[in-house]
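As provided, input29.tsv (TSV, N, CA and C atoms and all ligand atoms) reads as follows.
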```tsv
chain	number	residue	atom	x	y	z
A	71	MET	N	7.77	-110.83	-68.58
A	71	MET	CA	7.64	-109.89	-67.47
A	71	MET	C	8.40	-110.41	-66.27
A	72	ASP	N	9.21	-109.56	-65.65
A	72	ASP	CA	9.94	-110.00	-64.47
A	72	ASP	C	9.09	-109.80	-63.23
A	73	ASP	N	9.62	-110.17	-62.07
A	73	ASP	CA	8.84	-110.10	-60.83
A	73	ASP	C	9.22	-108.91	-59.98
A	74	SER	N	9.85	-107.88	-60.60
A	74	SER	CA	10.31	-106.74	-59.81
A	74	SER	C	9.20	-105.73	-59.53
A	75	GLY	N	8.06	-105.84	-60.21
A	75	GLY	CA	6.94	-104.95	-59.93
A	75	GLY	C	7.13	-103.59	-60.54
A	76	PRO	N	6.37	-102.60	-60.05
A	76	PRO	CA	6.39	-101.26	-60.64
A	76	PRO	C	7.71	-100.55	-60.44
A	77	GLU	N	7.95	-99.55	-61.26
A	77	GLU	CA	9.15	-98.73	-61.15
A	77	GLU	C	9.05	-97.82	-59.92
A	78	PRO	N	10.18	-97.47	-59.28
A	78	PRO	CA	10.12	-96.55	-58.14
A	78	PRO	C	9.63	-95.17	-58.57
A	79	ALA	N	8.87	-94.51	-57.68
A	79	ALA	CA	8.29	-93.20	-57.99
A	79	ALA	C	9.33	-92.08	-57.92
A	80	LEU	N	10.39	-92.30	-57.17
A	80	LEU	CA	11.43	-91.29	-56.97
A	80	LEU	C	12.79	-91.96	-57.05
A	81	PRO	N	13.81	-91.19	-57.45
A	81	PRO	CA	15.16	-91.76	-57.39
A	81	PRO	C	15.62	-91.85	-55.94
A	82	LEU	N	16.34	-92.89	-55.60
A	82	LEU	CA	16.90	-93.07	-54.26
A	82	LEU	C	18.41	-93.20	-54.43
A	83	ARG	N	19.16	-92.28	-53.83
A	83	ARG	CA	20.60	-92.23	-54.07
A	83	ARG	C	21.38	-92.70	-52.85
A	84	ALA	N	22.56	-93.24	-53.11
A	84	ALA	CA	23.44	-93.74	-52.05
A	84	ALA	C	24.87	-93.42	-52.41
A	85	LEU	N	25.73	-93.56	-51.41
A	85	LEU	CA	27.16	-93.44	-51.63
A	85	LEU	C	27.73	-94.86	-51.60
A	86	ARG	N	28.31	-95.31	-52.73
A	86	ARG	CA	28.85	-96.67	-52.79
A	86	ARG	C	30.37	-96.63	-52.74
A	87	CYS	N	30.92	-97.53	-51.94
A	87	CYS	CA	32.37	-97.63	-51.78
A	87	CYS	C	32.94	-98.52	-52.88
A	88	ARG	N	33.94	-98.00	-53.60
A	88	ARG	CA	34.57	-98.79	-54.66
A	88	ARG	C	35.49	-99.86	-54.08
A	89	ARG	N	35.92	-99.70	-52.82
A	89	ARG	CA	36.80	-100.69	-52.21
A	89	ARG	C	36.05	-101.91	-51.71
A	90	CYS	N	35.00	-101.68	-50.91
A	90	CYS	CA	34.33	-102.83	-50.28
A	90	CYS	C	32.90	-103.04	-50.78
A	91	GLY	N	32.38	-102.10	-51.57
A	91	GLY	CA	31.05	-102.29	-52.15
A	91	GLY	C	29.90	-101.83	-51.28
A	92	ARG	N	30.19	-101.38	-50.06
A	92	ARG	CA	29.13	-100.96	-49.15
A	92	ARG	C	28.40	-99.73	-49.71
A	93	ALA	N	27.08	-99.74	-49.63
A	93	ALA	CA	26.27	-98.58	-50.03
A	93	ALA	C	25.70	-97.94	-48.77
A	94	ALA	N	25.75	-96.61	-48.69
A	94	ALA	CA	25.27	-95.89	-47.51
A	94	ALA	C	24.17	-94.92	-47.91
A	95	VAL	N	23.11	-94.90	-47.11
A	95	VAL	CA	22.00	-93.97	-47.30
A	95	VAL	C	21.77	-93.28	-45.96
A	96	PRO	N	21.67	-91.96	-45.88
A	96	PRO	CA	21.75	-91.03	-47.00
A	96	PRO	C	23.19	-90.80	-47.44
A	97	VAL	N	23.34	-90.14	-48.60
A	97	VAL	CA	24.67	-89.78	-49.08
A	97	VAL	C	25.30	-88.81	-48.08
A	98	GLN	N	26.54	-89.10	-47.68
A	98	GLN	CA	27.25	-88.24	-46.72
A	98	GLN	C	28.71	-88.20	-47.13
A	99	ASP	N	29.47	-87.29	-46.52
A	99	ASP	CA	30.87	-87.16	-46.93
A	99	ASP	C	31.84	-87.51	-45.81
A	100	PHE	N	31.43	-88.38	-44.90
A	100	PHE	CA	32.30	-88.79	-43.80
A	100	PHE	C	33.18	-89.98	-44.16
A	101	GLY	N	32.94	-90.61	-45.31
A	101	GLY	CA	33.70	-91.78	-45.69
A	101	GLY	C	32.85	-93.03	-45.60
A	102	CYS	N	33.44	-94.16	-46.02
A	102	CYS	CA	32.71	-95.43	-46.02
A	102	CYS	C	32.45	-95.88	-44.59
A	103	GLU	N	31.20	-96.28	-44.31
A	103	GLU	CA	30.81	-96.73	-42.97
A	103	GLU	C	31.48	-98.05	-42.61
A	104	SER	N	31.92	-98.79	-43.61
A	104	SER	CA	32.46	-100.12	-43.36
A	104	SER	C	33.98	-100.14	-43.30
A	105	CYS	N	34.66	-99.57	-44.32
A	105	CYS	CA	36.12	-99.69	-44.38
A	105	CYS	C	36.85	-98.36	-44.22
A	106	GLY	N	36.13	-97.24	-44.15
A	106	GLY	CA	36.77	-95.95	-43.93
A	106	GLY	C	37.30	-95.28	-45.17
A	107	ALA	N	37.14	-95.91	-46.33
A	107	ALA	CA	37.61	-95.28	-47.57
A	107	ALA	C	36.92	-93.94	-47.76
A	108	HIS	N	37.60	-93.03	-48.50
A	108	HIS	CA	37.01	-91.71	-48.69
A	108	HIS	C	37.37	-91.18	-50.07
A	109	ASP	N	36.89	-89.97	-50.32
A	109	ASP	CA	37.16	-89.24	-51.56
A	109	ASP	C	36.90	-90.06	-52.82
A	110	LEU	N	37.96	-90.33	-53.59
A	110	LEU	CA	37.78	-90.95	-54.90
A	110	LEU	C	37.35	-92.42	-54.82
A	111	ASP	N	37.43	-93.01	-53.61
A	111	ASP	CA	36.97	-94.39	-53.46
A	111	ASP	C	35.46	-94.47	-53.31
A	112	LEU	N	34.80	-93.31	-53.25
A	112	LEU	CA	33.35	-93.31	-53.07
A	112	LEU	C	32.67	-92.72	-54.30
A	113	GLU	N	31.55	-93.29	-54.67
A	113	GLU	CA	30.80	-92.76	-55.81
A	113	GLU	C	29.32	-92.70	-55.45
A	114	GLU	N	28.66	-91.64	-55.93
A	114	GLU	CA	27.22	-91.52	-55.70
A	114	GLU	C	26.52	-92.32	-56.77
A	115	VAL	N	25.57	-93.17	-56.35
A	115	VAL	CA	24.86	-94.04	-57.28
A	115	VAL	C	23.35	-93.96	-57.03
A	116	GLU	N	22.59	-94.35	-58.02
A	116	GLU	CA	21.14	-94.44	-57.86
A	116	GLU	C	20.78	-95.88	-57.55
A	117	LEU	N	20.00	-96.06	-56.50
A	117	LEU	CA	19.60	-97.41	-56.09
A	117	LEU	C	18.35	-97.84	-56.84
A	118	SER	N	18.01	-99.12	-56.69
A	118	SER	CA	16.85	-99.66	-57.40
A	118	SER	C	15.54	-99.12	-56.83
A	119	GLY	N	15.56	-98.64	-55.58
A	119	GLY	CA	14.33	-98.18	-54.94
A	119	GLY	C	13.48	-99.34	-54.44
A	120	ARG	N	14.05	-100.54	-54.43
A	120	ARG	CA	13.32	-101.74	-54.01
A	120	ARG	C	13.95	-102.34	-52.76
A	121	GLY	N	13.10	-102.96	-51.95
A	121	GLY	CA	13.60	-103.59	-50.75
A	121	GLY	C	12.55	-104.48	-50.14
A	122	VAL	N	12.81	-104.88	-48.88
A	122	VAL	CA	11.91	-105.77	-48.15
A	122	VAL	C	11.67	-105.17	-46.76
A	123	VAL	N	10.42	-105.19	-46.30
A	123	VAL	CA	10.09	-104.69	-44.96
A	123	VAL	C	10.66	-105.64	-43.92
A	124	LEU	N	11.44	-105.08	-42.97
A	124	LEU	CA	11.97	-105.89	-41.87
A	124	LEU	C	11.02	-105.86	-40.68
A	125	ALA	N	10.49	-104.69	-40.38
A	125	ALA	CA	9.59	-104.52	-39.24
A	125	ALA	C	8.77	-103.26	-39.48
A	126	LEU	N	7.61	-103.18	-38.86
A	126	LEU	CA	6.76	-102.01	-39.05
A	126	LEU	C	5.86	-101.79	-37.85
A	127	THR	N	5.38	-100.56	-37.73
A	127	THR	CA	4.43	-100.24	-36.67
A	127	THR	C	3.52	-99.14	-37.17
A	128	THR	N	2.28	-99.15	-36.70
A	128	THR	CA	1.34	-98.10	-37.06
A	128	THR	C	1.17	-97.16	-35.87
A	129	VAL	N	1.35	-95.88	-36.13
A	129	VAL	CA	1.23	-94.84	-35.09
A	129	VAL	C	-0.22	-94.34	-35.10
A	130	HIS	N	-0.89	-94.46	-33.94
A	130	HIS	CA	-2.28	-94.02	-33.84
A	130	HIS	C	-2.43	-92.70	-33.09
A	131	ARG	N	-1.41	-92.34	-32.30
A	131	ARG	CA	-1.45	-91.07	-31.57
A	131	ARG	C	-0.08	-90.42	-31.70
A	132	HIS	N	-0.08	-89.10	-31.94
A	132	HIS	CA	1.19	-88.40	-32.08
A	132	HIS	C	1.07	-87.05	-31.38
A	133	PRO	N	2.10	-86.63	-30.63
A	133	PRO	CA	2.00	-85.39	-29.85
A	133	PRO	C	2.01	-84.11	-30.69
A	134	ALA	N	2.54	-84.16	-31.90
A	134	ALA	CA	2.62	-82.94	-32.72
A	134	ALA	C	1.29	-82.71	-33.44
A	135	PRO	N	0.67	-81.53	-33.26
A	135	PRO	CA	-0.62	-81.27	-33.90
A	135	PRO	C	-0.56	-81.34	-35.43
A	136	ALA	N	0.60	-81.03	-36.00
A	136	ALA	CA	0.70	-81.01	-37.46
A	136	ALA	C	0.81	-82.41	-38.06
A	137	VAL	N	1.06	-83.40	-37.21
A	137	VAL	CA	1.20	-84.77	-37.72
A	137	VAL	C	-0.10	-85.51	-37.50
A	138	GLU	N	-0.69	-86.00	-38.60
A	138	GLU	CA	-2.00	-86.62	-38.50
A	138	GLU	C	-1.92	-88.14	-38.56
A	139	PRO	N	-2.19	-88.82	-37.44
A	139	PRO	CA	-2.22	-90.27	-37.46
A	139	PRO	C	-3.56	-90.76	-38.04
A	140	PRO	N	-3.70	-92.04	-38.39
A	140	PRO	CA	-2.65	-93.04	-38.26
A	140	PRO	C	-1.72	-93.03	-39.47
A	141	PHE	N	-0.50	-93.48	-39.23
A	141	PHE	CA	0.45	-93.70	-40.32
A	141	PHE	C	1.36	-94.85	-39.91
A	142	THR	N	1.98	-95.46	-40.89
A	142	THR	CA	2.80	-96.64	-40.63
A	142	THR	C	4.25	-96.35	-40.97
A	143	LEU	N	5.13	-96.68	-40.04
A	143	LEU	CA	6.57	-96.55	-40.24
A	143	LEU	C	7.20	-97.93	-40.26
A	144	GLY	N	8.27	-98.06	-41.02
A	144	GLY	CA	8.92	-99.36	-41.06
A	144	GLY	C	10.39	-99.25	-41.36
A	145	SER	N	11.09	-100.34	-41.06
A	145	SER	CA	12.48	-100.49	-41.48
A	145	SER	C	12.47	-101.31	-42.76
A	146	VAL	N	13.17	-100.80	-43.77
A	146	VAL	CA	13.22	-101.47	-45.07
A	146	VAL	C	14.67	-101.78	-45.40
A	147	ARG	N	14.96	-103.07	-45.66
A	147	ARG	CA	16.30	-103.41	-46.15
A	147	ARG	C	16.28	-103.29	-47.66
A	148	LEU	N	17.03	-102.29	-48.18
A	148	LEU	CA	17.08	-102.07	-49.62
A	148	LEU	C	17.83	-103.22	-50.29
A	149	ASP	N	17.53	-103.47	-51.56
A	149	ASP	CA	18.17	-104.57	-52.28
A	149	ASP	C	19.68	-104.44	-52.28
A	150	GLU	N	20.20	-103.20	-52.21
A	150	GLU	CA	21.64	-102.97	-52.23
A	150	GLU	C	22.27	-103.07	-50.84
A	151	GLY	N	21.48	-103.32	-49.78
A	151	GLY	CA	22.03	-103.56	-48.46
A	151	GLY	C	21.64	-102.60	-47.35
A	152	PRO	N	21.63	-101.27	-47.60
A	152	PRO	CA	21.31	-100.37	-46.49
A	152	PRO	C	19.90	-100.59	-45.94
A	153	VAL	N	19.75	-100.31	-44.65
A	153	VAL	CA	18.43	-100.36	-44.01
A	153	VAL	C	18.01	-98.92	-43.74
A	154	VAL	N	16.82	-98.55	-44.20
A	154	VAL	CA	16.31	-97.20	-43.99
A	154	VAL	C	15.00	-97.28	-43.21
A	155	ARG	N	14.71	-96.24	-42.46
A	155	ARG	CA	13.42	-96.13	-41.77
A	155	ARG	C	12.58	-95.19	-42.60
A	156	ALA	N	11.35	-95.59	-42.92
A	156	ALA	CA	10.55	-94.82	-43.87
A	156	ALA	C	9.06	-94.98	-43.59
A	157	LEU	N	8.31	-94.05	-44.16
A	157	LEU	CA	6.86	-94.15	-44.17
A	157	LEU	C	6.47	-95.29	-45.11
A	158	LEU	N	5.49	-96.10	-44.68
A	158	LEU	CA	4.95	-97.16	-45.52
A	158	LEU	C	3.49	-96.85	-45.77
A	159	HIS	N	2.97	-97.19	-46.94
A	159	HIS	CA	1.55	-96.95	-47.16
A	159	HIS	C	0.98	-97.99	-48.11
A	160	GLY	N	-0.35	-98.09	-48.10
A	160	GLY	CA	-1.03	-99.01	-48.99
A	160	GLY	C	-1.38	-100.31	-48.29
A	161	PRO	N	-2.05	-101.20	-49.03
A	161	PRO	CA	-2.50	-102.47	-48.46
A	161	PRO	C	-1.38	-103.51	-48.38
A	162	GLU	N	-1.64	-104.54	-47.62
A	162	GLU	CA	-0.80	-105.73	-47.56
A	162	GLU	C	0.59	-105.48	-46.96
A	163	LEU	N	0.69	-104.47	-46.09
A	163	LEU	CA	1.97	-104.23	-45.43
A	163	LEU	C	2.19	-105.28	-44.35
A	164	ARG	N	3.36	-105.87	-44.34
A	164	ARG	CA	3.74	-106.86	-43.33
A	164	ARG	C	5.24	-107.06	-43.40
A	165	ALA	N	5.83	-107.58	-42.33
A	165	ALA	CA	7.25	-107.91	-42.37
A	165	ALA	C	7.48	-108.95	-43.45
A	166	GLY	N	8.51	-108.75	-44.23
A	166	GLY	CA	8.82	-109.67	-45.32
A	166	GLY	C	8.24	-109.26	-46.66
A	167	ALA	N	7.37	-108.25	-46.67
A	167	ALA	CA	6.74	-107.82	-47.93
A	167	ALA	C	7.77	-107.11	-48.82
A	168	PRO	N	7.80	-107.44	-50.11
A	168	PRO	CA	8.66	-106.69	-51.04
A	168	PRO	C	8.03	-105.34	-51.33
A	169	VAL	N	8.84	-104.27	-51.24
A	169	VAL	CA	8.31	-102.91	-51.42
A	169	VAL	C	9.14	-102.13	-52.43
A	170	VAL	N	8.56	-101.02	-52.88
A	170	VAL	CA	9.22	-100.13	-53.84
A	170	VAL	C	8.92	-98.69	-53.42
A	171	VAL	N	9.85	-97.78	-53.71
A	171	VAL	CA	9.64	-96.37	-53.40
A	171	VAL	C	8.41	-95.86	-54.14
A	172	ASP	N	7.57	-95.15	-53.41
A	172	ASP	CA	6.30	-94.69	-53.94
A	172	ASP	C	6.00	-93.32	-53.31
A	173	LEU	N	4.88	-92.76	-53.66
A	173	LEU	CA	4.42	-91.52	-53.03
A	173	LEU	C	3.14	-91.80	-52.26
A	174	ALA	N	3.08	-91.32	-51.01
A	174	ALA	CA	1.86	-91.44	-50.23
A	174	ALA	C	0.81	-90.49	-50.80
A	175	ALA	N	-0.43	-90.59	-50.32
A	175	ALA	CA	-1.53	-89.77	-50.83
A	175	ALA	C	-1.24	-88.28	-50.71
A	176	ASP	N	-0.48	-87.88	-49.69
A	176	ASP	CA	-0.16	-86.46	-49.50
A	176	ASP	C	1.12	-86.05	-50.22
A	177	GLY	N	1.68	-86.93	-51.02
A	177	GLY	CA	2.85	-86.60	-51.82
A	177	GLY	C	4.18	-86.86	-51.15
A	178	ARG	N	4.15	-87.32	-49.90
A	178	ARG	CA	5.41	-87.62	-49.23
A	178	ARG	C	6.00	-88.93	-49.76
A	179	PRO	N	7.34	-89.02	-49.79
A	179	PRO	CA	7.97	-90.28	-50.19
A	179	PRO	C	7.58	-91.38	-49.21
A	180	ALA	N	7.35	-92.56	-49.71
A	180	ALA	CA	6.97	-93.70	-48.88
A	180	ALA	C	7.33	-94.97	-49.64
A	181	PHE	N	7.19	-96.09	-48.99
A	181	PHE	CA	7.35	-97.37	-49.67
A	181	PHE	C	5.99	-98.04	-49.71
A	182	ALA	N	5.68	-98.71	-50.82
A	182	ALA	CA	4.44	-99.46	-50.96
A	182	ALA	C	4.79	-100.88	-51.40
A	183	VAL	N	3.89	-101.81	-51.09
A	183	VAL	CA	4.12	-103.21	-51.46
A	183	VAL	C	4.13	-103.34	-52.98
A	184	ARG	N	5.12	-104.07	-53.47
A	184	ARG	CA	5.18	-104.37	-54.91
A	184	ARG	C	4.13	-105.43	-55.24
A	185	HIS	N	3.47	-105.25	-56.35
A	185	HIS	CA	2.48	-106.24	-56.76
A	185	HIS	C	2.92	-106.88	-58.04
A	186	ALA	N	3.69	-107.94	-57.92
A	186	ALA	CA	4.13	-108.68	-59.10
A	186	ALA	C	3.15	-109.80	-59.41
A	187	GLU	N	2.49	-110.30	-58.36
A	187	GLU	CA	1.56	-111.41	-58.57
A	187	GLU	C	0.15	-110.86	-58.73
A	188	LYS	N	-0.72	-111.63	-59.33
A	188	LYS	CA	-2.10	-111.20	-59.54
A	188	LYS	C	-2.89	-111.37	-58.25
A	189	GLU	N	-3.78	-110.41	-58.02
A	189	GLU	CA	-4.67	-110.52	-56.87
A	189	GLU	C	-5.94	-111.21	-57.30
A	190	THR	N	-6.51	-112.01	-56.42
A	190	THR	CA	-7.76	-112.69	-56.73
A	190	THR	C	-8.83	-112.26	-55.75
A	191	ASP	N	-9.97	-111.90	-56.29
A	191	ASP	CA	-11.13	-111.53	-55.48
A	191	ASP	C	-12.24	-112.50	-55.77
A	192	ALA	N	-12.54	-113.38	-54.82
A	192	ALA	CA	-13.56	-114.39	-55.07
A	192	ALA	C	-14.91	-113.95	-54.53
B	1	ZN	ZN	34.23	-99.39	-47.96
```
Step by step, read the file and then write its structure as structure tokens.
Amino acid sequence: MDDSGPEPALPLRALRCRRCGRAAVPVQDFGCESCGAHDLDLEEVELSGRGVVLALTTVHRHPAPAVEPPFTLGSVRLDEGPVVRALLHGPELRAGAPVVVDLAADGRPAFAVRHAEKETDA
């Protein structure tokens, strides 16, 4: 068994540059963010859906009535390089935690902590 944890709940796609290797999320058609390559130098790829939390915050009050706090947002550095801002959910969220694409309780895409190691309850 490897230490990559559960499979991602959803596919996560990026545009990868064949010239410099840079992956961009979301997929866009403006060209490579790093070297400017375009058209045939770019390919759409599926990412691993895995990354590491860089920073996070929990929102306890929100001005929009349709948005129900609390919820946690974070910056996640994907294994392929791009940094995305996303909803985080589940236990053990902290900076440095390894995460994988998952679905929150309401069905929205989110990242959850990967559990490769066994938990102990004494
Ligand atoms: Zn490039």
Give as a PDB file with N, CA and C atoms, in the frame of the given file the set of residues within 8 Å of the point (6.3, -100.0, -46.6), where distances use the file's coordinates and only N, CA and C atoms.
```pdb
ATOM      1  N   VAL A 122      12.810-104.880 -48.880  1.00  0.00           N
ATOM      2  CA  VAL A 122      11.910-105.770 -48.150  1.00  0.00           C
ATOM      3  C   VAL A 122      11.670-105.170 -46.760  1.00  0.00           C
ATOM      4  N   VAL A 123      10.420-105.190 -46.300  1.00  0.00           N
ATOM      5  CA  VAL A 123      10.090-104.690 -44.960  1.00  0.00           C
ATOM      6  C   VAL A 123      10.660-105.640 -43.920  1.00  0.00           C
ATOM      7  N   LEU A 126       7.610-103.180 -38.860  1.00  0.00           N
ATOM      8  CA  LEU A 126       6.760-102.010 -39.050  1.00  0.00           C
ATOM      9  C   LEU A 126       5.860-101.790 -37.850  1.00  0.00           C
ATOM     10  N   THR A 142       1.980 -95.460 -40.890  1.00  0.00           N
ATOM     11  CA  THR A 142       2.800 -96.640 -40.630  1.00  0.00           C
ATOM     12  C   THR A 142       4.250 -96.350 -40.970  1.00  0.00           C
ATOM     13  N   LEU A 143       5.130 -96.680 -40.040  1.00  0.00           N
ATOM     14  CA  LEU A 143       6.570 -96.550 -40.240  1.00  0.00           C
ATOM     15  C   LEU A 143       7.200 -97.930 -40.260  1.00  0.00           C
ATOM     16  N   GLY A 144       8.270 -98.060 -41.020  1.00  0.00           N
ATOM     17  CA  GLY A 144       8.920 -99.360 -41.060  1.00  0.00           C
ATOM     18  C   GLY A 144      10.390 -99.250 -41.360  1.00  0.00           C
ATOM     19  N   SER A 145      11.090-100.340 -41.060  1.00  0.00           N
ATOM     20  CA  SER A 145      12.480-100.490 -41.480  1.00  0.00           C
ATOM     21  C   SER A 145      12.470-101.310 -42.760  1.00  0.00           C
ATOM     22  N   VAL A 146      13.170-100.800 -43.770  1.00  0.00           N
ATOM     23  CA  VAL A 146      13.220-101.470 -45.070  1.00  0.00           C
ATOM     24  C   VAL A 146      14.670-101.780 -45.400  1.00  0.00           C
ATOM     25  N   ALA A 156      11.350 -95.590 -42.920  1.00  0.00           N
ATOM     26  CA  ALA A 156      10.550 -94.820 -43.870  1.00  0.00           C
ATOM     27  C   ALA A 156       9.060 -94.980 -43.590  1.00  0.00           C
ATOM     28  N   LEU A 157       8.310 -94.050 -44.160  1.00  0.00           N
ATOM     29  CA  LEU A 157       6.860 -94.150 -44.170  1.00  0.00           C
ATOM     30  C   LEU A 157       6.470 -95.290 -45.110  1.00  0.00           C
ATOM     31  N   LEU A 158       5.490 -96.100 -44.680  1.00  0.00           N
ATOM     32  CA  LEU A 158       4.950 -97.160 -45.520  1.00  0.00           C
ATOM     33  C   LEU A 158       3.490 -96.850 -45.770  1.00  0.00           C
ATOM     34  N   HIS A 159       2.970 -97.190 -46.940  1.00  0.00           N
ATOM     35  CA  HIS A 159       1.550 -96.950 -47.160  1.00  0.00           C
ATOM     36  C   HIS A 159       0.980 -97.990 -48.110  1.00  0.00           C
ATOM     37  N   GLY A 160      -0.350 -98.090 -48.100  1.00  0.00           N
ATOM     38  CA  GLY A 160      -1.030 -99.010 -48.990  1.00  0.00           C
ATOM     39  C   GLY A 160      -1.380-100.310 -48.290  1.00  0.00           C
ATOM     40  N   GLU A 162      -1.640-104.540 -47.620  1.00  0.00           N
ATOM     41  CA  GLU A 162      -0.800-105.730 -47.560  1.00  0.00           C
ATOM     42  C   GLU A 162       0.590-105.480 -46.960  1.00  0.00           C
ATOM     43  N   LEU A 163       0.690-104.470 -46.090  1.00  0.00           N
ATOM     44  CA  LEU A 163       1.970-104.230 -45.430  1.00  0.00           C
ATOM     45  C   LEU A 163       2.190-105.280 -44.350  1.00  0.00           C
ATOM     46  N   ARG A 164       3.360-105.870 -44.340  1.00  0.00           N
ATOM     47  CA  ARG A 164       3.740-106.860 -43.330  1.00  0.00           C
ATOM     48  C   ARG A 164       5.240-107.060 -43.400  1.00  0.00           C
ATOM     49  N   ALA A 167       7.370-108.250 -46.670  1.00  0.00           N
ATOM     50  CA  ALA A 167       6.740-107.820 -47.930  1.00  0.00           C
ATOM     51  C   ALA A 167       7.770-107.110 -48.820  1.00  0.00           C
ATOM     52  N   PRO A 168       7.800-107.440 -50.110  1.00  0.00           N
ATOM     53  CA  PRO A 168       8.660-106.690 -51.040  1.00  0.00           C
ATOM     54  C   PRO A 168       8.030-105.340 -51.330  1.00  0.00           C
ATOM     55  N   VAL A 169       8.840-104.270 -51.240  1.00  0.00           N
ATOM     56  CA  VAL A 169       8.310-102.910 -51.420  1.00  0.00           C
ATOM     57  C   VAL A 169       9.140-102.130 -52.430  1.00  0.00           C
ATOM     58  N   VAL A 170       8.560-101.020 -52.880  1.00  0.00           N
ATOM     59  CA  VAL A 170       9.220-100.130 -53.840  1.00  0.00           C
ATOM     60  C   VAL A 170       8.920 -98.690 -53.420  1.00  0.00           C
ATOM     61  N   ALA A 180       7.350 -92.560 -49.710  1.00  0.00           N
ATOM     62  CA  ALA A 180       6.970 -93.700 -48.880  1.00  0.00           C
ATOM     63  C   ALA A 180       7.330 -94.970 -49.640  1.00  0.00           C
ATOM     64  N   PHE A 181       7.190 -96.090 -48.990  1.00  0.00           N
ATOM     65  CA  PHE A 181       7.350 -97.370 -49.670  1.00  0.00           C
ATOM     66  C   PHE A 181       5.990 -98.040 -49.710  1.00  0.00           C
ATOM     67  N   ALA A 182       5.680 -98.710 -50.820  1.00  0.00           N
ATOM     68  CA  ALA A 182       4.440 -99.460 -50.960  1.00  0.00           C
ATOM     69  C   ALA A 182       4.790-100.880 -51.400  1.00  0.00           C
ATOM     70  N   VAL A 183       3.890-101.810 -51.090  1.00  0.00           N
ATOM     71  CA  VAL A 183       4.120-103.210 -51.460  1.00  0.00           C
ATOM     72  C   VAL A 183       4.130-103.340 -52.980  1.00  0.00           C
TER      73      VAL A 183
END
```
Can you build me a table of chain A residues sitting at most 6 Å from ligand ZN 1 (chain B), with the closest atom pair per residue and its distance in Å to one decimal, using all atoms listed in the file, sorted by chain and residue number, as a Markdown table?
```
| residue | atom | partner | partner_atom | distance |
| --- | --- | --- | --- | --- |
| A:Cys87 | CA | B:ZN1 | ZN | 4.6 |
| A:Arg88 | N | B:ZN1 | ZN | 5.8 |
| A:Arg89 | C | B:ZN1 | ZN | 4.9 |
| A:Cys90 | N | B:ZN1 | ZN | 3.8 |
| A:Gly91 | N | B:ZN1 | ZN | 4.9 |
| A:Arg92 | N | B:ZN1 | ZN | 5.0 |
| A:Cys102 | CA | B:ZN1 | ZN | 4.7 |
| A:Glu103 | N | B:ZN1 | ZN | 5.7 |
| A:Ser104 | C | B:ZN1 | ZN | 4.7 |
| A:Cys105 | N | B:ZN1 | ZN | 3.7 |
| A:Gly106 | N | B:ZN1 | ZN | 4.8 |
| A:Ala107 | N | B:ZN1 | ZN | 4.8 |
```
Can I get the selected residues back with N, CA and C atoms, as an mmCIF file, keeping the file's coordinate frame?
```cif
data_model
loop_
_atom_site.group_PDB
_atom_site.id
_atom_site.type_symbol
_atom_site.label_atom_id
_atom_site.label_comp_id
_atom_site.auth_asym_id
_atom_site.auth_seq_id
_atom_site.Cartn_x
_atom_site.Cartn_y
_atom_site.Cartn_z
ATOM 1 N N CYS A 87 30.920 -97.530 -51.940
ATOM 2 C CA CYS A 87 32.370 -97.630 -51.780
ATOM 3 C C CYS A 87 32.940 -98.520 -52.880
ATOM 4 N N ARG A 88 33.940 -98.000 -53.600
ATOM 5 C CA ARG A 88 34.570 -98.790 -54.660
ATOM 6 C C ARG A 88 35.490 -99.860 -54.080
ATOM 7 N N ARG A 89 35.920 -99.700 -52.820
ATOM 8 C CA ARG A 89 36.800 -100.690 -52.210
ATOM 9 C C ARG A 89 36.050 -101.910 -51.710
ATOM 10 N N CYS A 90 35.000 -101.680 -50.910
ATOM 11 C CA CYS A 90 34.330 -102.830 -50.280
ATOM 12 C C CYS A 90 32.900 -103.040 -50.780
ATOM 13 N N GLY A 91 32.380 -102.100 -51.570
ATOM 14 C CA GLY A 91 31.050 -102.290 -52.150
ATOM 15 C C GLY A 91 29.900 -101.830 -51.280
ATOM 16 N N ARG A 92 30.190 -101.380 -50.060
ATOM 17 C CA ARG A 92 29.130 -100.960 -49.150
ATOM 18 C C ARG A 92 28.400 -99.730 -49.710
ATOM 19 N N CYS A 102 33.440 -94.160 -46.020
ATOM 20 C CA CYS A 102 32.710 -95.430 -46.020
ATOM 21 C C CYS A 102 32.450 -95.880 -44.590
ATOM 22 N N GLU A 103 31.200 -96.280 -44.310
ATOM 23 C CA GLU A 103 30.810 -96.730 -42.970
ATOM 24 C C GLU A 103 31.480 -98.050 -42.610
ATOM 25 N N SER A 104 31.920 -98.790 -43.610
ATOM 26 C CA SER A 104 32.460 -100.120 -43.360
ATOM 27 C C SER A 104 33.980 -100.140 -43.300
ATOM 28 N N CYS A 105 34.660 -99.570 -44.320
ATOM 29 C CA CYS A 105 36.120 -99.690 -44.380
ATOM 30 C C CYS A 105 36.850 -98.360 -44.220
ATOM 31 N N GLY A 106 36.130 -97.240 -44.150
ATOM 32 C CA GLY A 106 36.770 -95.950 -43.930
ATOM 33 C C GLY A 106 37.300 -95.280 -45.170
ATOM 34 N N ALA A 107 37.140 -95.910 -46.330
ATOM 35 C CA ALA A 107 37.610 -95.280 -47.570
ATOM 36 C C ALA A 107 36.920 -93.940 -47.760
#
```
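Those residues positioned at most 6 Å from (21.4, -100.4, -56.4) are Leu117, Ser118 and Glu150 of chain A, judged using only C-alpha atoms.
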Option closest in space to Ala84 in chain A, from A:Phe100, A:Glu114, A:Pro152, A:Asp176 [counting all atoms listed in the file]: A:Glu114
Selected residue, from A:Gly101, A:Gly151, A:Gly75, A:Gly177, that lies nearest to Glu113 in chain A when counting only C-alpha atoms: A:Gly101
Spatial neighbours of Pro81 in chain A, 6.5 Å, all atoms listed in the file, chain gap at least 2 places, as a VMD selection string: chain A and resid 78 to 79 83 116 to 117
Computed interatomic separation between atom N of Phe141 in chain A and atom N of Val97 in chain A (Å): 25.8 Å
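Minimum distance to Val115 in chain A across A:Leu85, A:Val129, A:Val95, A:Ala134 (counting all atoms listed in the file) occurs at A:Leu85.
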